[in-house]
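First the structure, in the form of structure tokens, and then the observations on it.
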Amino acid sequence: MLNNKSILITGGTGSFGRAFTRYVLEHYEPKKIIIYSRDEFKQFNMQNEFREVSQKLRFFIGDVRDKERLRRAFEGVDYVIHAAALKQVPACEYNPAEAIKTNINGAQNVIDAALDMGVKKVVALSTDKAVNPVNLYGGTKLVSDKLFIAANAYAGTKDISFSIVRYGNVAGSRGSVIPFFHDIIQKGGSELPITDYRMTRFWISLQQGVELVIKALEEAKGGETFISKIPSFKITDLAEAMLPGCKKPEVGIREGEKLHEIMVTVEDSPNTYEYDKHFIVYPQMVWSESRRAVPTGKKVPEGFSYSSGNNTEWLSVEDIRRLLGTVHYE
């Protein structure tokens, strides 16, 4: 599917962009992969990381806020993966206008450039925080998701589709609890603070996130939201796995934080179908028969929801300890 294709990744120097680039180069023969980001130092580091395949990579300095630069970068591109965003919850709360410019206006710029420049497919990365958002970051990503879904209505006769992939914090990524605990342990700490003893999270690896995006590129007709089936864990069990027998003081939930990661709401259940390894939330609106995605999975029951708190698959302390050995800390 990706052989002899040109692929562009916005925010491509991040952990997802690097992992996606590595995966594509190992499994396909792309024409080129364009890394679009605004940090020249990260681009320099990535160029060194992929020096052995440098002839396949192109590096564009640019911001998703800049529509003209996007149009230039999108010329001749077949597939776009939109990973650029302001993601840190406190930073978005303190700089709301900046979060809106990148996460909402930037999303619209990506959509407009893709429509204008003949891109075939766009897959946008979403987050559990966009579901029933309680912080500004989640609110901006909810709007972004809606924009990408609605973009299919503007495709007209163009051969293009827009879809979404949704997952929570990748294990070991910046902002997740694992590196926070790891840092405390590395500094000789003897206790790991727990915001709330009831708190749960999903466990997803970078590899699983990349594979879900590949599935969306292969299967999306337009407007779908792809969600992986992944196990849950208790934060108290994570602490025990990382520092056995440690004290776990409960310090109180932080502003903008949820007890559980939510991927599918009850309200989404009428349009949600289950597959072997993932769920798909199909769009409520169908813009044309040629773009209608026909579900082949099993329709979820009425009132279904999918969160890290009501999951049917759970990791034990031993499971977590084993998986921690595969975590790469940024």
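Residues in the structure tokens are numbered from 1 in each chain, the chains being A, B, ... in the order shown, and ligands are numbered from 1 in the order shown.
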Please list as a CSV table (one decimal) with C-alpha atoms, in the first residue's frame every residue within 12 Å of Lys221 of chain A, counting only C-alpha atoms and excluding residues in the same chain fewer than 6 positions away.
```
chain,number,residue,atom,x,y,z
A,120,LYS,CA,-5.3,10.8,-1.1
A,121,LYS,CA,-5.6,10.0,2.6
A,122,VAL,CA,-5.2,11.9,5.9
A,123,VAL,CA,-5.1,10.1,9.3
A,149,ILE,CA,-14.6,14.0,10.2
A,152,ASN,CA,-15.1,14.4,4.1
A,155,ALA,CA,-14.1,16.3,-0.7
A,159,ASP,CA,-10.3,11.0,-4.2
A,160,ILE,CA,-9.5,11.7,-0.6
A,161,SER,CA,-10.6,10.5,2.8
A,162,PHE,CA,-10.0,11.8,6.4
A,163,SER,CA,-10.1,9.5,9.4
A,164,ILE,CA,-8.9,9.5,13.0
A,215,LYS,CA,-4.8,-0.1,9.5
A,280,ILE,CA,-14.4,1.6,14.9
A,282,TYR,CA,-18.4,5.3,12.2
A,283,PRO,CA,-19.5,8.8,11.3
A,286,VAL,CA,-22.8,9.9,5.3
A,287,TRP,CA,-21.8,12.5,2.6
A,288,SER,CA,-22.1,10.3,-0.5
A,289,GLU,CA,-22.8,6.6,-1.2
A,290,SER,CA,-19.3,6.3,-2.7
A,291,ARG,CA,-17.8,7.3,0.6
A,292,ARG,CA,-20.0,5.1,2.8
A,293,ALA,CA,-18.0,2.8,5.0
A,294,VAL,CA,-19.9,-0.5,5.3
A,295,PRO,CA,-19.2,-2.0,8.8
```
(request) Write out as an NGL selection string all residues of segment 13-159 of chain A that DSSP puts in alpha helix (DSSP H) for this structure's backbone. (result) :A and (15-27 or 40-49 or 67-74 or 89-94 or 96-99 or 106-116 or 136-150)
Please return as a CSV table (one decimal) with N, CA and C atoms, in the first residue's frame: the residues of segment 65-170 of chain A that backbone DSSP assigns to strand (DSSP E or B).
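Now in part-v4.csv:
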```csv
chain,number,residue,atom,x,y,z
A,79,TYR,N,-0.1,10.5,1.2
A,79,TYR,CA,-0.7,10.2,2.5
A,79,TYR,C,-0.1,11.2,3.5
A,80,VAL,N,-1.0,11.7,4.4
A,80,VAL,CA,-0.6,12.6,5.5
A,80,VAL,C,-1.0,12.0,6.8
A,81,ILE,N,0.0,12.0,7.7
A,81,ILE,CA,-0.3,11.6,9.1
A,81,ILE,C,-0.2,12.9,9.9
A,82,HIS,N,-1.3,13.3,10.6
A,82,HIS,CA,-1.2,14.5,11.3
A,82,HIS,C,-1.0,14.2,12.8
A,121,LYS,N,-5.1,10.4,1.3
A,121,LYS,CA,-5.6,10.0,2.6
A,121,LYS,C,-5.0,10.8,3.7
A,122,VAL,N,-5.8,11.2,4.7
A,122,VAL,CA,-5.2,11.9,5.9
A,122,VAL,C,-5.7,11.1,7.1
A,123,VAL,N,-4.8,10.8,8.0
A,123,VAL,CA,-5.1,10.1,9.3
A,123,VAL,C,-4.6,11.1,10.4
A,124,ALA,N,-5.5,11.5,11.2
A,124,ALA,CA,-5.2,12.4,12.3
A,124,ALA,C,-5.1,11.7,13.6
A,125,LEU,N,-4.1,11.9,14.4
A,125,LEU,CA,-4.0,11.3,15.7
A,125,LEU,C,-4.8,12.1,16.7
A,126,SER,N,-5.6,11.3,17.5
A,126,SER,CA,-6.5,11.9,18.5
A,126,SER,C,-6.0,11.4,19.9
A,127,THR,N,-6.8,11.6,20.9
A,127,THR,CA,-6.4,11.3,22.2
A,127,THR,C,-7.7,10.9,23.0
A,161,SER,N,-9.8,10.9,1.6
A,161,SER,CA,-10.6,10.5,2.8
A,161,SER,C,-9.8,11.0,4.0
A,162,PHE,N,-10.6,11.4,5.1
A,162,PHE,CA,-10.0,11.8,6.4
A,162,PHE,C,-10.5,10.9,7.4
A,163,SER,N,-9.7,10.4,8.3
A,163,SER,CA,-10.1,9.5,9.4
A,163,SER,C,-9.2,9.8,10.6
A,164,ILE,N,-9.6,9.2,11.7
A,164,ILE,CA,-8.9,9.5,13.0
A,164,ILE,C,-8.5,8.2,13.7
A,165,VAL,N,-7.4,8.2,14.4
A,165,VAL,CA,-6.9,7.2,15.3
A,165,VAL,C,-6.9,7.7,16.7
A,166,ARG,N,-7.5,7.0,17.6
A,166,ARG,CA,-7.5,7.5,19.0
A,166,ARG,C,-6.9,6.5,20.0
A,167,TYR,N,-5.9,7.1,20.8
A,167,TYR,CA,-5.4,6.3,21.9
A,167,TYR,C,-4.9,7.2,23.0
```
(request) Identify which of the residues A:Phe41, A:Phe60, A:Phe233, A:Tyr28 lies closest to Met199 of chain A, counting only C-alpha atoms when measuring atom-to-atom distances. (result)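 Result for the nearest residue to Met199 of chain A: A:Phe233.
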(request) Skip Lys247 of chain A itself and residues of its chain fewer than 6 positions away, then list as a list in words all residues within 9 Å of it, counting only C-alpha atoms. (result)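 My list of contacting residues is Ser190, Glu191, Leu192 and Pro193 of chain A.
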Please produce, as JSON lines, a per-residue contact table for segment 145-217 of chain A versus segment 254-259 of chain A (criterion: any atom at most 8 Å away, only C-alpha atoms considered), showing the nearest atom pair and its distance in Å to one decimal, sorted by chain then residue number.
```
{"residue": "A:Thr195", "atom": "CA", "partner": "A:Arg254", "partner_atom": "CA", "distance": 7.0}
{"residue": "A:Asp196", "atom": "CA", "partner": "A:Leu259", "partner_atom": "CA", "distance": 7.4}
{"residue": "A:Arg198", "atom": "CA", "partner": "A:Leu259", "partner_atom": "CA", "distance": 6.8}
{"residue": "A:Met199", "atom": "CA", "partner": "A:Leu259", "partner_atom": "CA", "distance": 4.7}
{"residue": "A:Thr200", "atom": "CA", "partner": "A:Leu259", "partner_atom": "CA", "distance": 6.4}
```
Take the residues that were just selected and, keeping C-alpha atoms, output them as a CSV table (one decimal), in the first residue's frame.
```csv
chain,number,residue,atom,x,y,z
A,195,THR,CA,-3.2,10.9,42.7
A,196,ASP,CA,-6.2,8.6,43.4
A,198,ARG,CA,-9.0,4.2,42.0
A,199,MET,CA,-7.1,5.6,38.9
A,200,THR,CA,-6.7,3.3,35.9
```
(message) So, with only C-alpha atoms as the atoms that count, which of A:Asp128, A:Thr13, A:Asn4, A:Gly168 lies closest to Asn48 of chain A?
(response)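 Nearest to Asn48 of chain A: A:Thr13.
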(request) Could you check which of A:Arg58, A:Leu136, A:Glu240, A:Lys31 is closest to Phe44 of chain A, using only C-alpha atoms? (result) A:Arg58
(message) Please compute the atom CA of Ile34 of chain A-atom CA of Gly156 of chain A distance, one decimal, in Å.
(response) 26.5 Å
(message) So the first atom is atom CA of Gly11 of chain A and the second is atom CA of Ser37 of chain A; what is the distance between them in Å, to one decimal place?
(response)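 One can read the atom CA of Gly11 of chain A to atom CA of Ser37 of chain A distance as 4.8 Å.
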